[in-house]
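Novice: Okay, here's the structure, questions in a sec.
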2 protein chains.
Amino acid sequence: MKAEPLKDFSRLCVHTITTKRWELEEAIDRYAEADVSGITVWRQWLDGRDPAGAGERIRAAGLEVVSLCRGGFYPALEEKSREEAIKDNKQAIEDAAAMGAPLVVLVCGAIIGQSLVESRKQITDGIAATLPLAESLGVKLAIEPLHPMYADDRSAINTLASANDVCDELSHPLVGIAFDVYHLWWDPDLAAQTKRTAEANRLFAYHACDWMTPTTDLLNDRGLMGEGCIDLRAIRGMVEGAGFDGMIEVEVFSNRWWEKPTEEFLQAIKQSYLNHT
Amino acid sequence: MKAEPLKDFSRLCVHTITTKRWELEEAIDRYAEADVSGITVWRQWLDGRDPAGAGERIRAAGLEVVSLCRGGFYPALEEKSREEAIKDNKQAIEDAAAMGAPLVVLVCGAIIGQSLVESRKQITDGIAATLPLAESLGVKLAIEPLHPMYADDRSAINTLASANDVCDELSHPLVGIAFDVYHLWWDPDLAAQTKRTAEANRLFAYHACDWMTPTTDLLNDRGLMGEGCIDLRAIRGMVEGAGFDGMIEVEVFSNRWWEKPTEEFLQAIKQSYLNHT
């Protein structure tokens, strides 16, 4: 069943990378002025900033801190590199806690020259190694399955089923999934796996954008909602039918949009949120 | 279990599109001189030619006609277009029979503005409509599942599981699957689905190339075997362990290689076939 159109911006969250030409402070002010309700902060936006202060500023502007993006990249050929990744993920969890972000999004990583099976094992071990800290700080961890075209060097977790399998193995209430339509829309198993995700109480986040035809760049040619071929109302109906009622996070990497004035892009996001999401 | 290196060219087949600057006659002569054993003819190479004559010439050169590539593209919003697609697929089956090709490879199609579920239904119906002809001429039809990055407008069948589901529905000994490492290498379900494919006697063809990092073009930036991240010996071990012993078809779309002299490319194919496939 397709979802009804969204009537207001009470569930609209924007990722700082979407409006990447804005520094954190400008993004906060502009989002608040534009009636955006939530912000997901990418870690680069915390560079040189105190996470606690950033969190206070976000809340003072009336915005919700939705998540910190992104941890992950656990697999490596050398043990030393895997240990560094775990250390970096602990830092992300601490920053999220300081900022008041309830969630860290994980782009889990993959390494050329190592099987995807081994990489998934290292991902599982890496998340497990950070769980005591996440638990002590009350921070959730969301595995984001990435499109299979990123299986070479970005993520060995490429379907919702595979993310659920890792969650099952870790079996911890703080470990769940970030569902991004861009990565998952094509999956013939999507309805069943969405149900599985929701029933396990691990549908932690929902990211929206669109798939362009043709796609001219594997990374930075995402569409704004409605510009591409994804049936966004059908997929939102699927996740909401399974019980999801959280933020709808707009995460658009687009060289095309990034060339335009960012304020124009933000207004277009709001229109496409109401008309197509 | 990884496959052993290939010792000779008795299972090497090349697709005419791989050496696309060569007309059919030149491709036949050069393949034969180079000790290539099989040829898969793309339909454009039959333009203006008599398929029966082409088949005779191929066999006279000592090459095996492995398949005709490609039928498919069944889904369409209008019934008239779907009927035209069926007509075109019947033509492909007739041309294959005339040429003496035992198999037509199907790139099944997808249409923007229509759900993948509906497209898969139209694909199933489209194949079914051509089965009486295929049966009367003894031509096999191989569904080629395409990488999920082609789910917008090339194929609604994007996993080996999904291809097997369509085969199960049609349940006909002439309907099987073309297994292309480029499209399938990332799938966490690959071993189980390969076993399912082989046990149903429908592993009809095996296509090899490699996945480049970074991939700069979604269509024409494939790697030659060994240039990318696919564990080709592991996957060949998987299909051969399941009983496959047919041709290994080199199908490389590469603007990079197409810029070089085609004879140089063919020699590189032979080297990468022995060293990496």
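Within each chain, counting starts at residue 1; across the structure tokens, chains are named A, B, ... in the order shown, with ligands numbered 1 upward in that order.
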Determine, for each residue of chain B having at least one atom at most 9 Å from an atom of chain A, the closest pair of atoms and their separation in Å to one decimal, counting only C-alpha atoms; order by chain and ascending number, as CSV.
Specialist:
```
residue,atom,partner,partner_atom,distance
B:Ile112,CA,A:Cys229,CA,5.7
B:Gly113,CA,A:Cys229,CA,6.7
B:Gln114,CA,A:Asp231,CA,8.8
B:Ser115,CA,A:Asp231,CA,7.8
B:Leu116,CA,A:Trp186,CA,7.6
B:Val117,CA,A:Pro188,CA,7.9
B:His147,CA,A:Pro148,CA,7.9
B:Pro148,CA,A:Trp186,CA,6.3
B:Met149,CA,A:Met149,CA,6.8
B:Ala151,CA,A:Trp186,CA,6.2
B:Asp152,CA,A:Cys229,CA,6.5
B:Asp153,CA,A:Thr213,CA,7.7
B:Ala156,CA,A:Trp186,CA,8.0
B:Ile157,CA,A:Pro188,CA,8.4
B:Asn158,CA,A:Trp186,CA,7.8
B:Thr159,CA,A:Pro188,CA,8.3
B:Ser162,CA,A:Pro188,CA,7.1
B:Trp186,CA,A:Ala151,CA,6.2
B:Asp187,CA,A:Asn158,CA,7.8
B:Pro188,CA,A:Ser162,CA,7.1
B:Trp211,CA,A:Asp152,CA,8.0
B:Met212,CA,A:Asp152,CA,8.4
B:Thr213,CA,A:Asp152,CA,6.9
B:Pro214,CA,A:Asp152,CA,8.7
B:Thr215,CA,A:Leu218,CA,7.4
B:Thr216,CA,A:Asp217,CA,6.8
B:Asp217,CA,A:Thr216,CA,6.8
B:Leu218,CA,A:Leu218,CA,7.2
B:Gly228,CA,A:Ile112,CA,8.6
B:Cys229,CA,A:Ile112,CA,5.7
B:Ile230,CA,A:Asp152,CA,8.4
B:Asp231,CA,A:Ser115,CA,7.8
```
Novice: Give me the residues within 7 Å of B:Phe253 as a ChimeraX atom specification, counting only C-alpha atoms and dropping any in the same chain fewer than 5 places off.
Specialist: /B:18,220-222
Novice: Take the residues from that selection and write them out as a PDB file, in the first residue's frame, keeping N, CA and C atoms.
Specialist:
```pdb
ATOM      1  N   THR B  18      32.888  -7.758 -27.671  1.00  0.00           N
ATOM      2  CA  THR B  18      34.164  -7.535 -26.977  1.00  0.00           C
ATOM      3  C   THR B  18      35.193  -6.955 -27.953  1.00  0.00           C
ATOM      4  N   ASN B 220      30.246   0.820 -19.751  1.00  0.00           N
ATOM      5  CA  ASN B 220      31.407   0.470 -20.581  1.00  0.00           C
ATOM      6  C   ASN B 220      32.750   0.627 -19.878  1.00  0.00           C
ATOM      7  N   ASP B 221      32.785   0.263 -18.599  1.00  0.00           N
ATOM      8  CA  ASP B 221      34.058   0.286 -17.873  1.00  0.00           C
ATOM      9  C   ASP B 221      34.313  -1.046 -17.180  1.00  0.00           C
ATOM     10  N   ARG B 222      33.999  -2.114 -17.877  1.00  0.00           N
ATOM     11  CA  ARG B 222      34.323  -3.431 -17.330  1.00  0.00           C
ATOM     12  C   ARG B 222      35.824  -3.671 -17.439  1.00  0.00           C
TER      13      ARG B 222
END
```
Novice: Could you please determine the separation between atom CA of A:Gly126 and atom CA of A:Tyr206 in Å, to one decimal place?
Specialist: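 Between atom CA of A:Gly126 and atom CA of A:Tyr206 the gap works out to 23.3 Å.
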Novice: Residues within 8 Å of stretch 69-77 of chain B, please, as a list in words. Count only C-alpha atoms; anything in the same chain fewer than 3 positions from it doesn't count.
Specialist: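 The filter keeps Thr40, Val41, Trp42, Arg43, Ser81, Arg82, Ala85, Ile86, Asp88, Asn89, Ala92, Val104, Val105, Leu106, Val107, Cys108, Gly109, Ala110, Ile111, Gln114, Ser119, Arg120, Gln122, Ile123, Gly126, Arg154 and Ser155 of chain B.
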Novice: Can you list, as an MDAnalysis selection string, every protein, DNA or RNA residue that comes within 6 Å of stretch 174-181 of chain B when you count only C-alpha atoms, leaving out same-chain residues fewer than 5 positions away?
Specialist: chainID B and resid 140:144 202:208
Novice: Grab the residues selected above and save them as an mmCIF file, in the first residue's frame with N, CA and C atoms.
Specialist:
```
data_model
loop_
_atom_site.group_PDB
_atom_site.id
_atom_site.type_symbol
_atom_site.label_atom_id
_atom_site.label_comp_id
_atom_site.auth_asym_id
_atom_site.auth_seq_id
_atom_site.Cartn_x
_atom_site.Cartn_y
_atom_site.Cartn_z
ATOM 1 N N LYS B 140 17.553 -22.991 -26.959
ATOM 2 C CA LYS B 140 17.442 -22.694 -25.531
ATOM 3 C C LYS B 140 17.409 -21.182 -25.298
ATOM 4 N N LEU B 141 16.776 -20.793 -24.215
ATOM 5 C CA LEU B 141 16.675 -19.378 -23.841
ATOM 6 C C LEU B 141 17.314 -19.193 -22.470
ATOM 7 N N ALA B 142 18.284 -18.259 -22.378
ATOM 8 C CA ALA B 142 18.992 -18.069 -21.108
ATOM 9 C C ALA B 142 18.726 -16.673 -20.546
ATOM 10 N N ILE B 143 18.005 -16.627 -19.437
ATOM 11 C CA ILE B 143 17.804 -15.365 -18.713
ATOM 12 C C ILE B 143 19.138 -14.954 -18.108
ATOM 13 N N GLU B 144 19.576 -13.726 -18.393
ATOM 14 C CA GLU B 144 20.801 -13.230 -17.776
ATOM 15 C C GLU B 144 20.423 -12.232 -16.686
ATOM 16 N N ARG B 202 19.831 -25.824 -15.368
ATOM 17 C CA ARG B 202 19.571 -24.611 -16.129
ATOM 18 C C ARG B 202 20.754 -23.649 -16.121
ATOM 19 N N LEU B 203 21.943 -24.133 -15.779
ATOM 20 C CA LEU B 203 23.126 -23.270 -15.874
ATOM 21 C C LEU B 203 23.647 -23.379 -17.305
ATOM 22 N N PHE B 204 23.102 -22.521 -18.184
ATOM 23 C CA PHE B 204 23.314 -22.665 -19.628
ATOM 24 C C PHE B 204 24.570 -21.955 -20.137
ATOM 25 N N ALA B 205 25.038 -20.919 -19.433
ATOM 26 C CA ALA B 205 26.157 -20.143 -19.981
ATOM 27 C C ALA B 205 26.896 -19.443 -18.854
ATOM 28 N N TYR B 206 28.180 -19.137 -19.104
ATOM 29 C CA TYR B 206 29.040 -18.505 -18.098
ATOM 30 C C TYR B 206 29.838 -17.392 -18.768
ATOM 31 N N HIS B 207 29.634 -16.163 -18.309
ATOM 32 C CA HIS B 207 30.302 -14.993 -18.894
ATOM 33 C C HIS B 207 31.326 -14.431 -17.909
ATOM 34 N N ALA B 208 32.497 -14.106 -18.414
ATOM 35 C CA ALA B 208 33.575 -13.619 -17.539
ATOM 36 C C ALA B 208 34.080 -12.239 -17.952
#
```
Novice: I need the strand (DSSP E or B) residues of stretch 41-98 of chain A per DSSP on the backbone, written as a ChimeraX atom specification.
Specialist: /A:41-42,64-72
Novice: Can you pull out every residue from stretch 112-251 of chain A that DSSP, working from the backbone, puts in alpha helix (DSSP H), and format the result as a ChimeraX atom specification?
Specialist: /A:116-137,160-170,181-184,190-199,232-241
Novice: Taking 5 positions as the minimum chain separation for residues in the same chain, which residues sit within 9 Å of B:Gly53 when counting only C-alpha atoms? Answer as a list in words.
Specialist: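 Surrounding residues, per the criterion: Ile58, Ala98 and Met99 of chain B.
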Novice: Using only C-alpha atoms, please write the residues we just selected to a file, as a JSON list (two decimals), in the first residue's frame.
Specialist:
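The new file result_2.json reads:
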```
[["chain", "number", "residue", "atom", "x", "y", "z"],
["B", 58, "ILE", "CA", 31.92, -19.89, -38.26],
["B", 98, "ALA", "CA", 19.39, -20.71, -38.75],
["B", 99, "MET", "CA", 22.89, -19.89, -37.52]]
```
Novice: Calculated over only C-alpha atoms, which of the candidates A:Val239, A:Phe9, A:Met225, A:Glu26 has the smallest distance to A:Ala192?
Specialist: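 Closest to A:Ala192, using only C-alpha atoms: A:Val239.
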Novice: Would you kindly return, as number ranges by chain, each protein, DNA or RNA residue with an atom no farther than 8 Å from any atom of B:Met247, considering only C-alpha atoms and excluding same-chain residues fewer than 6 positions away?
Specialist: B: 11-13, 38, 66, 205-206
Novice: For A:Arg49, which residue out of A:Ala97, A:Gln271, A:Leu24, A:Tyr182 is the nearest one, using only C-alpha atoms?
Specialist: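 With only C-alpha atoms as the atom set, the closest residue is A:Leu24.
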Novice: To one decimal place, how far is atom CA of B:Gly138 from atom CA of B:Val252 in Å?
Specialist: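 Answer for the atom CA of B:Gly138 to atom CA of B:Val252 separation: 28.5 Å.
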Novice: For B:Ile28, work out the shell of residues within 8 Å, counting only C-alpha atoms and skipping chain neighbours fewer than 3 positions away, then give it as a count of residues only.
Specialist: 9
